[in-house]
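K.L.:
Next comes the structure file protein.cif, holding mmCIF, N, CA and C atoms.
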data_final
loop_
_atom_site.group_PDB
_atom_site.id
_atom_site.type_symbol
_atom_site.label_atom_id
_atom_site.label_comp_id
_atom_site.auth_asym_id
_atom_site.auth_seq_id
_atom_site.Cartn_x
_atom_site.Cartn_y
_atom_site.Cartn_z
ATOM 1 N N MET A 1 6.423 11.902 -2.182
ATOM 2 C CA MET A 1 6.804 10.734 -1.414
ATOM 3 C C MET A 1 5.528 10.065 -0.890
ATOM 4 N N PRO A 2 5.189 8.921 -1.431
ATOM 5 C CA PRO A 2 4.000 8.206 -0.944
ATOM 6 C C PRO A 2 4.181 7.725 0.495
ATOM 7 N N HIS A 3 3.082 7.514 1.164
ATOM 8 C CA HIS A 3 3.065 6.927 2.496
ATOM 9 C C HIS A 3 2.316 5.607 2.389
ATOM 10 N N LEU A 4 2.854 4.573 3.023
ATOM 11 C CA LEU A 4 2.274 3.231 2.968
ATOM 12 C C LEU A 4 2.038 2.720 4.373
ATOM 13 N N GLU A 5 0.848 2.179 4.616
ATOM 14 C CA GLU A 5 0.576 1.472 5.858
ATOM 15 C C GLU A 5 0.048 0.092 5.508
ATOM 16 N N VAL A 6 0.590 -0.910 6.187
ATOM 17 C CA VAL A 6 0.156 -2.289 6.030
ATOM 18 C C VAL A 6 -0.395 -2.727 7.384
ATOM 19 N N LYS A 7 -1.650 -3.082 7.408
ATOM 20 C CA LYS A 7 -2.298 -3.598 8.619
ATOM 21 C C LYS A 7 -2.672 -5.043 8.326
ATOM 22 N N TYR A 8 -2.328 -5.952 9.251
ATOM 23 C CA TYR A 8 -2.545 -7.363 8.941
ATOM 24 C C TYR A 8 -2.814 -8.183 10.194
ATOM 25 N N SER A 9 -3.501 -9.275 10.004
ATOM 26 C CA SER A 9 -3.781 -10.218 11.088
ATOM 27 C C SER A 9 -2.477 -10.864 11.544
ATOM 28 N N ALA A 10 -2.311 -10.977 12.842
ATOM 29 C CA ALA A 10 -1.049 -11.472 13.403
ATOM 30 C C ALA A 10 -0.736 -12.919 13.028
ATOM 31 N N ASP A 11 -1.718 -13.672 12.536
ATOM 32 C CA ASP A 11 -1.445 -15.053 12.137
ATOM 33 C C ASP A 11 -0.779 -15.148 10.765
ATOM 34 N N ILE A 12 -0.668 -14.048 10.069
ATOM 35 C CA ILE A 12 -0.044 -14.028 8.739
ATOM 36 C C ILE A 12 1.449 -13.783 8.901
ATOM 37 N N GLU A 13 2.253 -14.682 8.331
ATOM 38 C CA GLU A 13 3.703 -14.495 8.351
ATOM 39 C C GLU A 13 4.064 -13.479 7.281
ATOM 40 N N LEU A 14 4.511 -12.321 7.724
ATOM 41 C CA LEU A 14 4.758 -11.228 6.814
ATOM 42 C C LEU A 14 6.167 -10.684 7.006
ATOM 43 N N ASP A 15 6.931 -10.644 5.938
ATOM 44 C CA ASP A 15 8.252 -10.001 5.945
ATOM 45 C C ASP A 15 8.006 -8.559 5.514
ATOM 46 N N ALA A 16 7.794 -7.688 6.492
ATOM 47 C CA ALA A 16 7.397 -6.307 6.200
ATOM 48 C C ALA A 16 8.420 -5.590 5.327
ATOM 49 N N LYS A 17 9.702 -5.722 5.621
ATOM 50 C CA LYS A 17 10.744 -5.033 4.843
ATOM 51 C C LYS A 17 10.673 -5.437 3.377
ATOM 52 N N SER A 18 10.551 -6.723 3.121
ATOM 53 C CA SER A 18 10.462 -7.208 1.748
ATOM 54 C C SER A 18 9.197 -6.685 1.062
ATOM 55 N N LEU A 19 8.076 -6.717 1.792
ATOM 56 C CA LEU A 19 6.827 -6.216 1.221
ATOM 57 C C LEU A 19 6.928 -4.724 0.933
ATOM 58 N N PHE A 20 7.528 -3.956 1.855
ATOM 59 C CA PHE A 20 7.721 -2.523 1.622
ATOM 60 C C PHE A 20 8.512 -2.299 0.329
ATOM 61 N N ASP A 21 9.610 -3.040 0.177
ATOM 62 C CA ASP A 21 10.453 -2.893 -1.017
ATOM 63 C C ASP A 21 9.686 -3.233 -2.287
ATOM 64 N N GLN A 22 8.908 -4.309 -2.250
ATOM 65 C CA GLN A 22 8.144 -4.727 -3.426
ATOM 66 C C GLN A 22 7.054 -3.712 -3.779
ATOM 67 N N ILE A 23 6.374 -3.196 -2.775
ATOM 68 C CA ILE A 23 5.322 -2.207 -3.039
ATOM 69 C C ILE A 23 5.932 -0.920 -3.581
ATOM 70 N N GLU A 24 7.023 -0.463 -2.973
ATOM 71 C CA GLU A 24 7.694 0.740 -3.469
ATOM 72 C C GLU A 24 8.138 0.556 -4.915
ATOM 73 N N SER A 25 8.698 -0.581 -5.216
ATOM 74 C CA SER A 25 9.135 -0.885 -6.584
ATOM 75 C C SER A 25 7.949 -0.897 -7.551
ATOM 76 N N THR A 26 6.855 -1.527 -7.134
ATOM 77 C CA THR A 26 5.653 -1.592 -7.973
ATOM 78 C C THR A 26 5.121 -0.194 -8.257
ATOM 79 N N ILE A 27 5.061 0.640 -7.231
ATOM 80 C CA ILE A 27 4.585 2.017 -7.407
ATOM 81 C C ILE A 27 5.491 2.757 -8.389
ATOM 82 N N ASN A 28 6.812 2.629 -8.209
ATOM 83 C CA ASN A 28 7.744 3.368 -9.058
ATOM 84 C C ASN A 28 7.801 2.855 -10.491
ATOM 85 N N GLU A 29 7.451 1.587 -10.706
ATOM 86 C CA GLU A 29 7.363 1.080 -12.079
ATOM 87 C C GLU A 29 6.221 1.759 -12.835
ATOM 88 N N LEU A 30 5.148 2.081 -12.126
ATOM 89 C CA LEU A 30 3.985 2.714 -12.753
ATOM 90 C C LEU A 30 4.031 4.231 -12.679
ATOM 91 N N ASP A 31 4.803 4.776 -11.756
ATOM 92 C CA ASP A 31 4.885 6.222 -11.571
ATOM 93 C C ASP A 31 6.299 6.582 -11.131
ATOM 94 N N SER A 32 7.163 6.867 -12.090
ATOM 95 C CA SER A 32 8.569 7.138 -11.785
ATOM 96 C C SER A 32 8.761 8.412 -10.965
ATOM 97 N N SER A 33 7.752 9.247 -10.860
ATOM 98 C CA SER A 33 7.865 10.471 -10.064
ATOM 99 C C SER A 33 7.561 10.226 -8.587
ATOM 100 N N ALA A 34 7.137 9.023 -8.223
ATOM 101 C CA ALA A 34 6.721 8.745 -6.845
ATOM 102 C C ALA A 34 7.880 8.786 -5.857
ATOM 103 N N GLY A 35 9.000 8.178 -6.199
ATOM 104 C CA GLY A 35 10.160 8.179 -5.314
ATOM 105 C C GLY A 35 10.023 7.221 -4.147
ATOM 106 N N ALA A 36 10.740 7.539 -3.064
ATOM 107 C CA ALA A 36 10.754 6.700 -1.867
ATOM 108 C C ALA A 36 9.373 6.671 -1.226
ATOM 109 N N CYS A 37 9.088 5.583 -0.547
ATOM 110 C CA CYS A 37 7.768 5.383 0.059
ATOM 111 C C CYS A 37 7.946 5.169 1.566
ATOM 112 N N LYS A 38 7.475 6.116 2.367
ATOM 113 C CA LYS A 38 7.516 5.934 3.818
ATOM 114 C C LYS A 38 6.570 4.797 4.167
ATOM 115 N N SER A 39 7.050 3.840 4.943
ATOM 116 C CA SER A 39 6.262 2.619 5.155
ATOM 117 C C SER A 39 6.209 2.214 6.622
ATOM 118 N N ARG A 40 5.044 1.692 7.027
ATOM 119 C CA ARG A 40 4.837 1.175 8.379
ATOM 120 C C ARG A 40 3.963 -0.072 8.305
ATOM 121 N N ALA A 41 4.176 -1.002 9.240
ATOM 122 C CA ALA A 41 3.337 -2.203 9.305
ATOM 123 C C ALA A 41 2.813 -2.372 10.726
ATOM 124 N N TYR A 42 1.554 -2.784 10.798
ATOM 125 C CA TYR A 42 0.888 -2.962 12.086
ATOM 126 C C TYR A 42 0.206 -4.332 12.131
ATOM 127 N N PRO A 43 0.752 -5.282 12.919
ATOM 128 C CA PRO A 43 0.040 -6.554 13.084
ATOM 129 C C PRO A 43 -1.102 -6.380 14.088
ATOM 130 N N ALA A 44 -2.222 -6.983 13.790
ATOM 131 C CA ALA A 44 -3.381 -6.924 14.684
ATOM 132 C C ALA A 44 -3.483 -8.221 15.464
ATOM 133 N N LYS A 45 -3.433 -8.144 16.780
ATOM 134 C CA LYS A 45 -3.551 -9.328 17.625
ATOM 135 C C LYS A 45 -4.986 -9.831 17.665
ATOM 136 N N SER A 46 -5.920 -8.924 17.589
ATOM 137 C CA SER A 46 -7.345 -9.289 17.608
ATOM 138 C C SER A 46 -7.923 -9.059 16.215
ATOM 139 N N TYR A 47 -8.570 -10.080 15.682
ATOM 140 C CA TYR A 47 -9.131 -9.982 14.335
ATOM 141 C C TYR A 47 -10.137 -11.094 14.131
ATOM 142 N N LYS A 48 -10.934 -10.954 13.117
ATOM 143 C CA LYS A 48 -11.845 -12.009 12.678
ATOM 144 C C LYS A 48 -11.592 -12.172 11.185
ATOM 145 N N HIS A 49 -11.137 -13.303 10.771
ATOM 146 C CA HIS A 49 -10.755 -13.626 9.393
ATOM 147 C C HIS A 49 -9.403 -12.988 9.063
ATOM 148 N N SER A 50 -8.475 -13.791 8.620
ATOM 149 C CA SER A 50 -7.136 -13.309 8.263
ATOM 150 C C SER A 50 -7.229 -12.308 7.124
ATOM 151 N N HIS A 51 -6.515 -11.199 7.281
ATOM 152 C CA HIS A 51 -6.720 -10.077 6.384
ATOM 153 C C HIS A 51 -5.463 -9.214 6.313
ATOM 154 N N VAL A 52 -5.183 -8.693 5.122
ATOM 155 C CA VAL A 52 -4.119 -7.714 4.917
ATOM 156 C C VAL A 52 -4.753 -6.472 4.302
ATOM 157 N N MET A 53 -4.485 -5.322 4.905
ATOM 158 C CA MET A 53 -4.999 -4.049 4.398
ATOM 159 C C MET A 53 -3.821 -3.174 4.019
ATOM 160 N N ILE A 54 -3.777 -2.798 2.750
ATOM 161 C CA ILE A 54 -2.727 -1.914 2.235
ATOM 162 C C ILE A 54 -3.367 -0.547 2.004
ATOM 163 N N GLU A 55 -2.780 0.492 2.574
ATOM 164 C CA GLU A 55 -3.253 1.859 2.348
ATOM 165 C C GLU A 55 -2.077 2.696 1.884
ATOM 166 N N VAL A 56 -2.267 3.405 0.762
ATOM 167 C CA VAL A 56 -1.205 4.231 0.207
ATOM 168 C C VAL A 56 -1.750 5.637 -0.035
ATOM 169 N N TRP A 57 -0.994 6.617 0.448
ATOM 170 C CA TRP A 57 -1.360 8.020 0.258
ATOM 171 C C TRP A 57 -0.391 8.663 -0.725
ATOM 172 N N PHE A 58 -0.948 9.403 -1.688
ATOM 173 C CA PHE A 58 -0.181 10.131 -2.693
ATOM 174 C C PHE A 58 -0.614 11.590 -2.707
ATOM 175 N N LEU A 59 0.232 12.453 -3.223
ATOM 176 C CA LEU A 59 -0.208 13.798 -3.576
ATOM 177 C C LEU A 59 -0.979 13.681 -4.882
ATOM 178 N N SER A 60 -1.982 14.503 -5.051
ATOM 179 C CA SER A 60 -2.743 14.509 -6.307
ATOM 180 C C SER A 60 -1.889 15.100 -7.416
ATOM 181 N N LYS A 61 -1.893 14.440 -8.552
ATOM 182 C CA LYS A 61 -1.204 14.916 -9.752
ATOM 183 C C LYS A 61 -2.053 14.503 -10.943
ATOM 184 N N PRO A 62 -1.971 15.233 -12.042
ATOM 185 C CA PRO A 62 -2.828 14.924 -13.193
ATOM 186 C C PRO A 62 -2.722 13.487 -13.705
ATOM 187 N N HIS A 63 -1.525 12.893 -13.684
ATOM 188 C CA HIS A 63 -1.364 11.532 -14.217
ATOM 189 C C HIS A 63 -1.883 10.468 -13.247
ATOM 190 N N ARG A 64 -2.151 10.839 -12.020
ATOM 191 C CA ARG A 64 -2.705 9.888 -11.041
ATOM 192 C C ARG A 64 -4.229 9.961 -11.115
ATOM 193 N N ASN A 65 -4.729 9.477 -12.203
ATOM 194 C CA ASN A 65 -6.159 9.553 -12.509
ATOM 195 C C ASN A 65 -6.828 8.195 -12.264
ATOM 196 N N HIS A 66 -8.055 8.080 -12.713
ATOM 197 C CA HIS A 66 -8.826 6.844 -12.513
ATOM 198 C C HIS A 66 -8.123 5.639 -13.143
ATOM 199 N N GLU A 67 -7.622 5.777 -14.340
ATOM 200 C CA GLU A 67 -6.959 4.652 -15.024
ATOM 201 C C GLU A 67 -5.693 4.239 -14.284
ATOM 202 N N PHE A 68 -4.903 5.217 -13.869
ATOM 203 C CA PHE A 68 -3.702 4.937 -13.081
ATOM 204 C C PHE A 68 -4.082 4.180 -11.803
ATOM 205 N N SER A 69 -5.107 4.654 -11.108
ATOM 206 C CA SER A 69 -5.542 4.029 -9.853
ATOM 207 C C SER A 69 -5.973 2.587 -10.066
ATOM 208 N N LYS A 70 -6.728 2.346 -11.134
ATOM 209 C CA LYS A 70 -7.205 0.992 -11.439
ATOM 210 C C LYS A 70 -6.029 0.042 -11.663
ATOM 211 N N ILE A 71 -5.046 0.477 -12.432
ATOM 212 C CA ILE A 71 -3.866 -0.352 -12.721
ATOM 213 C C ILE A 71 -3.052 -0.575 -11.455
ATOM 214 N N LEU A 72 -2.860 0.481 -10.672
ATOM 215 C CA LEU A 72 -2.066 0.357 -9.457
ATOM 216 C C LEU A 72 -2.745 -0.546 -8.433
ATOM 217 N N LEU A 73 -4.052 -0.441 -8.279
ATOM 218 C CA LEU A 73 -4.774 -1.309 -7.350
ATOM 219 C C LEU A 73 -4.546 -2.782 -7.679
ATOM 220 N N LYS A 74 -4.644 -3.119 -8.942
ATOM 221 C CA LYS A 74 -4.427 -4.506 -9.363
ATOM 222 C C LYS A 74 -2.979 -4.932 -9.117
ATOM 223 N N ALA A 75 -2.032 -4.067 -9.462
ATOM 224 C CA ALA A 75 -0.614 -4.395 -9.288
ATOM 225 C C ALA A 75 -0.262 -4.585 -7.814
ATOM 226 N N LEU A 76 -0.799 -3.739 -6.940
ATOM 227 C CA LEU A 76 -0.492 -3.862 -5.516
ATOM 228 C C LEU A 76 -1.135 -5.104 -4.910
ATOM 229 N N THR A 77 -2.338 -5.422 -5.323
ATOM 230 C CA THR A 77 -3.001 -6.637 -4.845
ATOM 231 C C THR A 77 -2.194 -7.865 -5.245
ATOM 232 N N ASN A 78 -1.749 -7.908 -6.504
ATOM 233 C CA ASN A 78 -0.923 -9.027 -6.969
ATOM 234 C C ASN A 78 0.397 -9.092 -6.217
ATOM 235 N N CYS A 79 0.965 -7.943 -5.923
ATOM 236 C CA CYS A 79 2.229 -7.875 -5.190
ATOM 237 C C CYS A 79 2.085 -8.525 -3.820
ATOM 238 N N VAL A 80 1.019 -8.213 -3.111
ATOM 239 C CA VAL A 80 0.789 -8.785 -1.784
ATOM 240 C C VAL A 80 0.595 -10.296 -1.880
ATOM 241 N N LYS A 81 -0.208 -10.750 -2.839
ATOM 242 C CA LYS A 81 -0.479 -12.187 -2.989
ATOM 243 C C LYS A 81 0.799 -12.977 -3.293
ATOM 244 N N LYS A 82 1.750 -12.364 -4.003
ATOM 245 C CA LYS A 82 3.012 -13.034 -4.317
ATOM 246 C C LYS A 82 3.929 -13.089 -3.107
ATOM 247 N N GLN A 83 3.846 -12.106 -2.233
ATOM 248 C CA GLN A 83 4.749 -11.996 -1.095
ATOM 249 C C GLN A 83 4.344 -12.875 0.088
ATOM 250 N N ILE A 84 3.047 -13.126 0.231
ATOM 251 C CA ILE A 84 2.553 -13.803 1.427
ATOM 252 C C ILE A 84 1.799 -15.065 1.018
ATOM 253 N N VAL A 85 2.175 -16.179 1.610
ATOM 254 C CA VAL A 85 1.552 -17.456 1.293
ATOM 255 C C VAL A 85 0.403 -17.720 2.264
ATOM 256 N N GLY A 86 -0.672 -18.286 1.759
ATOM 257 C CA GLY A 86 -1.782 -18.669 2.616
ATOM 258 C C GLY A 86 -3.095 -18.100 2.128
ATOM 259 N N HIS A 87 -4.159 -18.457 2.849
ATOM 260 C CA HIS A 87 -5.492 -17.967 2.502
ATOM 261 C C HIS A 87 -5.843 -16.798 3.416
ATOM 262 N N PHE A 88 -6.092 -15.655 2.820
ATOM 263 C CA PHE A 88 -6.459 -14.464 3.564
ATOM 264 C C PHE A 88 -7.081 -13.470 2.593
ATOM 265 N N TYR A 89 -7.774 -12.514 3.143
ATOM 266 C CA TYR A 89 -8.361 -11.455 2.322
ATOM 267 C C TYR A 89 -7.337 -10.336 2.144
ATOM 268 N N VAL A 90 -7.383 -9.668 1.006
ATOM 269 C CA VAL A 90 -6.510 -8.529 0.735
ATOM 270 C C VAL A 90 -7.379 -7.338 0.342
ATOM 271 N N SER A 91 -7.132 -6.211 0.981
ATOM 272 C CA SER A 91 -7.787 -4.966 0.605
ATOM 273 C C SER A 91 -6.707 -3.935 0.316
ATOM 274 N N VAL A 92 -6.931 -3.131 -0.706
ATOM 275 C CA VAL A 92 -5.996 -2.070 -1.062
ATOM 276 C C VAL A 92 -6.796 -0.786 -1.222
ATOM 277 N N GLN A 93 -6.319 0.278 -0.592
ATOM 278 C CA GLN A 93 -6.985 1.581 -0.689
ATOM 279 C C GLN A 93 -5.946 2.633 -1.072
ATOM 280 N N LEU A 94 -6.253 3.404 -2.107
ATOM 281 C CA LEU A 94 -5.413 4.531 -2.496
ATOM 282 C C LEU A 94 -6.090 5.814 -2.041
ATOM 283 N N TYR A 95 -5.306 6.720 -1.504
ATOM 284 C CA TYR A 95 -5.801 8.032 -1.089
ATOM 285 C C TYR A 95 -4.997 9.097 -1.811
ATOM 286 N N TYR A 96 -5.644 10.177 -2.169
ATOM 287 C CA TYR A 96 -4.961 11.295 -2.819
ATOM 288 C C TYR A 96 -5.136 12.546 -1.975
ATOM 289 N N ARG A 97 -4.027 13.077 -1.500
ATOM 290 C CA ARG A 97 -4.035 14.279 -0.670
ATOM 291 C C ARG A 97 -4.075 15.520 -1.560
ATOM 292 N N ASP A 98 -4.627 16.585 -1.022
ATOM 293 C CA ASP A 98 -4.685 17.818 -1.791
ATOM 294 C C ASP A 98 -3.453 18.692 -1.502
ATOM 295 N N ALA A 99 -3.446 19.896 -1.990
ATOM 296 C CA ALA A 99 -2.304 20.806 -1.857
ATOM 297 C C ALA A 99 -2.095 21.278 -0.421
ATOM 298 N N ASN A 100 -3.015 20.984 0.492
ATOM 299 C CA ASN A 100 -2.894 21.424 1.870
ATOM 300 C C ASN A 100 -2.137 20.418 2.749
ATOM 301 N N TYR A 101 -1.362 19.551 2.139
ATOM 302 C CA TYR A 101 -0.581 18.555 2.859
ATOM 303 C C TYR A 101 0.893 18.808 2.587
ATOM 304 N N VAL A 102 1.716 18.700 3.616
ATOM 305 C CA VAL A 102 3.144 18.907 3.447
ATOM 306 C C VAL A 102 3.897 17.914 4.321
ATOM 307 N N THR A 103 5.056 17.471 3.851
ATOM 308 C CA THR A 103 5.984 16.663 4.641
ATOM 309 C C THR A 103 7.297 17.409 4.703
ATOM 310 N N ILE A 104 7.870 17.521 5.887
ATOM 311 C CA ILE A 104 9.174 18.179 6.032
ATOM 312 C C ILE A 104 10.152 17.195 6.640
ATOM 313 N N GLU A 105 11.420 17.468 6.454
ATOM 314 C CA GLU A 105 12.478 16.588 6.988
ATOM 315 C C GLU A 105 13.196 17.289 8.101
#
Would you write out, as structure tokens, the structure that this file holds?
P.N.:
Amino acid sequence: MPHLEVKYSADIELDAKSLFDQIESTINELDSSAGACKSRAYPAKSYKHSHVMIEVWFLSKPHRNHEFSKILLKALTNCVKKQIVGHFYVSVQLYYRDANYVTIE
């Protein structure tokens, strides 16, 4: 289960629920084993230059390699640009957790 955090400048009109759904869908199109994506959004009241930062954490798996990461980075960046209108910077960071990470319900 991936974890997603979206941090963004408060001047950006962002439909977080829609963006969460689009990012989850994009991830699952490229990695059907990913499943549901826990998601959170944080608007920043103080900032310099309008900016959206997408951070996604995954468990490490053999198919989540350099090529997968390169394709996913591009797909997620495009996803954000389609969802939000206006001029702003977009950053996307993928993180891979090791076997010492667990999520329980």
K.L.:
Skip A:Phe20 itself and residues of its chain fewer than 5 positions away, then list as a VMD selection string all residues within 9 Å of it, counting only C-alpha atoms.
P.N.:
chain A and resid 4 6 15 25 37 to 41
K.L.:
To one decimal place in Å, what is the distance between atom CA of A:Ile23 and atom CA of A:Ala99?
P.N.:
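It comes out at 24.3 Å.
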K.L.:
Hey, what does DSSP flag as alpha helix (DSSP H) within chain A? Can you give it to me as a ChimeraX atom specification?
P.N.:
/A:16-30,66-83
K.L.:
If I take atom C of A:His66 and atom C of A:Tyr95, how far is one from the other in Å, to one decimal?
P.N.:
12.3 Å
K.L.:
Report as a short mmCIF file (atom, residue, chain, number, x, y, z; two decimals) with N, CA and C atoms, keeping the file's coordinate frame the full result of the PyMOL selection byres ((chain A and resi 45) around 6.5) when it is applied to this structure.
P.N.:
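Generated file (selection-v3.cif):
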data_model
loop_
_atom_site.label_atom_id
_atom_site.label_comp_id
_atom_site.auth_asym_id
_atom_site.auth_seq_id
_atom_site.Cartn_x
_atom_site.Cartn_y
_atom_site.Cartn_z
N SER A 9 -3.50 -9.28 10.00
CA SER A 9 -3.78 -10.22 11.09
C SER A 9 -2.48 -10.86 11.54
N ALA A 10 -2.31 -10.98 12.84
CA ALA A 10 -1.05 -11.47 13.40
C ALA A 10 -0.74 -12.92 13.03
N PRO A 43 0.75 -5.28 12.92
CA PRO A 43 0.04 -6.55 13.08
C PRO A 43 -1.10 -6.38 14.09
N ALA A 44 -2.22 -6.98 13.79
CA ALA A 44 -3.38 -6.92 14.68
C ALA A 44 -3.48 -8.22 15.46
N SER A 46 -5.92 -8.92 17.59
CA SER A 46 -7.34 -9.29 17.61
C SER A 46 -7.92 -9.06 16.22
N TYR A 47 -8.57 -10.08 15.68
CA TYR A 47 -9.13 -9.98 14.34
C TYR A 47 -10.14 -11.09 14.13
#
K.L.:
Which distance in Å separates atom N of A:Lys61 and atom CA of A:Lys7, to one decimal?
P.N.:
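Straight-line distance from atom N of A:Lys61 to atom CA of A:Lys7 works out to 24.9 Å.
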K.L.:
Mind telling me what the PyMOL selection byres ((chain A and resi 2) around 6.5) catches here, as a ChimeraX atom specification?
P.N.:
/A:1,3-4,34-38,56-59
K.L.:
Box in all listed atoms of stretch 78-87 of chain A, axis-aligned, with 5 Å more on each side; write out centre and edge lengths in Å to one decimal as AutoDock Vina command-line options.
P.N.:
--center_x -0.5 --center_y -13.3 --center_z -1.8 --size_x 20.6 --size_y 20.8 --size_z 20.4
K.L.:
Given all atoms listed in the file as the basis, pick out the residue of A:Lys70, A:Ala75, A:Ile54, A:Glu105 nearest to A:Val92.
P.N.:
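Using all atoms listed in the file, the shortest distance to A:Val92 belongs to A:Ile54.
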K.L.:
Of the residues A:Ser32, A:Ser91, A:Asn65, A:Ser18, which is the one nearest to A:Asn78, using only C-alpha atoms?
P.N.:
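Using only C-alpha atoms, the shortest distance to A:Asn78 belongs to A:Ser91.
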K.L.:
What would the selection look like, as an mmCIF file with N, CA and C atoms, keeping the file's coordinate frame, if the PyMOL selection byres (((chain A and resi 84 and name CA) around 12) and name CA) were run on the coordinates I just shared?
P.N.:
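Dumped to result-v3.cif:
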data_model
loop_
_atom_site.group_PDB
_atom_site.id
_atom_site.type_symbol
_atom_site.label_atom_id
_atom_site.label_comp_id
_atom_site.auth_asym_id
_atom_site.auth_seq_id
_atom_site.Cartn_x
_atom_site.Cartn_y
_atom_site.Cartn_z
ATOM 1 N N TYR A 8 -2.328 -5.952 9.251
ATOM 2 C CA TYR A 8 -2.545 -7.363 8.941
ATOM 3 C C TYR A 8 -2.814 -8.183 10.194
ATOM 4 N N ASP A 11 -1.718 -13.672 12.536
ATOM 5 C CA ASP A 11 -1.445 -15.053 12.137
ATOM 6 C C ASP A 11 -0.779 -15.148 10.765
ATOM 7 N N ILE A 12 -0.668 -14.048 10.069
ATOM 8 C CA ILE A 12 -0.044 -14.028 8.739
ATOM 9 C C ILE A 12 1.449 -13.783 8.901
ATOM 10 N N GLU A 13 2.253 -14.682 8.331
ATOM 11 C CA GLU A 13 3.703 -14.495 8.351
ATOM 12 C C GLU A 13 4.064 -13.479 7.281
ATOM 13 N N LEU A 14 4.511 -12.321 7.724
ATOM 14 C CA LEU A 14 4.758 -11.228 6.814
ATOM 15 C C LEU A 14 6.167 -10.684 7.006
ATOM 16 N N ASP A 15 6.931 -10.644 5.938
ATOM 17 C CA ASP A 15 8.252 -10.001 5.945
ATOM 18 C C ASP A 15 8.006 -8.559 5.514
ATOM 19 N N ALA A 16 7.794 -7.688 6.492
ATOM 20 C CA ALA A 16 7.397 -6.307 6.200
ATOM 21 C C ALA A 16 8.420 -5.590 5.327
ATOM 22 N N SER A 18 10.551 -6.723 3.121
ATOM 23 C CA SER A 18 10.462 -7.208 1.748
ATOM 24 C C SER A 18 9.197 -6.685 1.062
ATOM 25 N N LEU A 19 8.076 -6.717 1.792
ATOM 26 C CA LEU A 19 6.827 -6.216 1.221
ATOM 27 C C LEU A 19 6.928 -4.724 0.933
ATOM 28 N N GLN A 22 8.908 -4.309 -2.250
ATOM 29 C CA GLN A 22 8.144 -4.727 -3.426
ATOM 30 C C GLN A 22 7.054 -3.712 -3.779
ATOM 31 N N SER A 50 -8.475 -13.791 8.620
ATOM 32 C CA SER A 50 -7.136 -13.309 8.263
ATOM 33 C C SER A 50 -7.229 -12.308 7.124
ATOM 34 N N HIS A 51 -6.515 -11.199 7.281
ATOM 35 C CA HIS A 51 -6.720 -10.077 6.384
ATOM 36 C C HIS A 51 -5.463 -9.214 6.313
ATOM 37 N N VAL A 52 -5.183 -8.693 5.122
ATOM 38 C CA VAL A 52 -4.119 -7.714 4.917
ATOM 39 C C VAL A 52 -4.753 -6.472 4.302
ATOM 40 N N THR A 77 -2.338 -5.422 -5.323
ATOM 41 C CA THR A 77 -3.001 -6.637 -4.845
ATOM 42 C C THR A 77 -2.194 -7.865 -5.245
ATOM 43 N N ASN A 78 -1.749 -7.908 -6.504
ATOM 44 C CA ASN A 78 -0.923 -9.027 -6.969
ATOM 45 C C ASN A 78 0.397 -9.092 -6.217
ATOM 46 N N CYS A 79 0.965 -7.943 -5.923
ATOM 47 C CA CYS A 79 2.229 -7.875 -5.190
ATOM 48 C C CYS A 79 2.085 -8.525 -3.820
ATOM 49 N N VAL A 80 1.019 -8.213 -3.111
ATOM 50 C CA VAL A 80 0.789 -8.785 -1.784
ATOM 51 C C VAL A 80 0.595 -10.296 -1.880
ATOM 52 N N LYS A 81 -0.208 -10.750 -2.839
ATOM 53 C CA LYS A 81 -0.479 -12.187 -2.989
ATOM 54 C C LYS A 81 0.799 -12.977 -3.293
ATOM 55 N N LYS A 82 1.750 -12.364 -4.003
ATOM 56 C CA LYS A 82 3.012 -13.034 -4.317
ATOM 57 C C LYS A 82 3.929 -13.089 -3.107
ATOM 58 N N GLN A 83 3.846 -12.106 -2.233
ATOM 59 C CA GLN A 83 4.749 -11.996 -1.095
ATOM 60 C C GLN A 83 4.344 -12.875 0.088
ATOM 61 N N VAL A 85 2.175 -16.179 1.610
ATOM 62 C CA VAL A 85 1.552 -17.456 1.293
ATOM 63 C C VAL A 85 0.403 -17.720 2.264
ATOM 64 N N GLY A 86 -0.672 -18.286 1.759
ATOM 65 C CA GLY A 86 -1.782 -18.669 2.616
ATOM 66 C C GLY A 86 -3.095 -18.100 2.128
ATOM 67 N N HIS A 87 -4.159 -18.457 2.849
ATOM 68 C CA HIS A 87 -5.492 -17.967 2.502
ATOM 69 C C HIS A 87 -5.843 -16.798 3.416
ATOM 70 N N PHE A 88 -6.092 -15.655 2.820
ATOM 71 C CA PHE A 88 -6.459 -14.464 3.564
ATOM 72 C C PHE A 88 -7.081 -13.470 2.593
ATOM 73 N N TYR A 89 -7.774 -12.514 3.143
ATOM 74 C CA TYR A 89 -8.361 -11.455 2.322
ATOM 75 C C TYR A 89 -7.337 -10.336 2.144
ATOM 76 N N VAL A 90 -7.383 -9.668 1.006
ATOM 77 C CA VAL A 90 -6.510 -8.529 0.735
ATOM 78 C C VAL A 90 -7.379 -7.338 0.342
#
K.L.:
Would you mind writing down, as a PyMOL selection string, each residue of chain A that DSSP on the backbone assigns to strand (DSSP E)?
P.N.:
chain A and resi 3-9+38-44+51-59+89-97
K.L.:
May I ask which of the residues A:Ile27, A:Glu5, A:Thr103, A:Arg97 is the closest one to A:Tyr42, counting all atoms listed in the file?
P.N.:
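Ranking A:Ile27, A:Glu5, A:Thr103, A:Arg97 by distance to A:Tyr42, first place goes to A:Glu5.
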K.L.:
Between A:Ser60, A:Leu30, A:Glu24, A:His49, single out the one closest to A:Leu72, counting only C-alpha atoms.
P.N.:
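Smallest separation from A:Leu72 among the options: A:Leu30.
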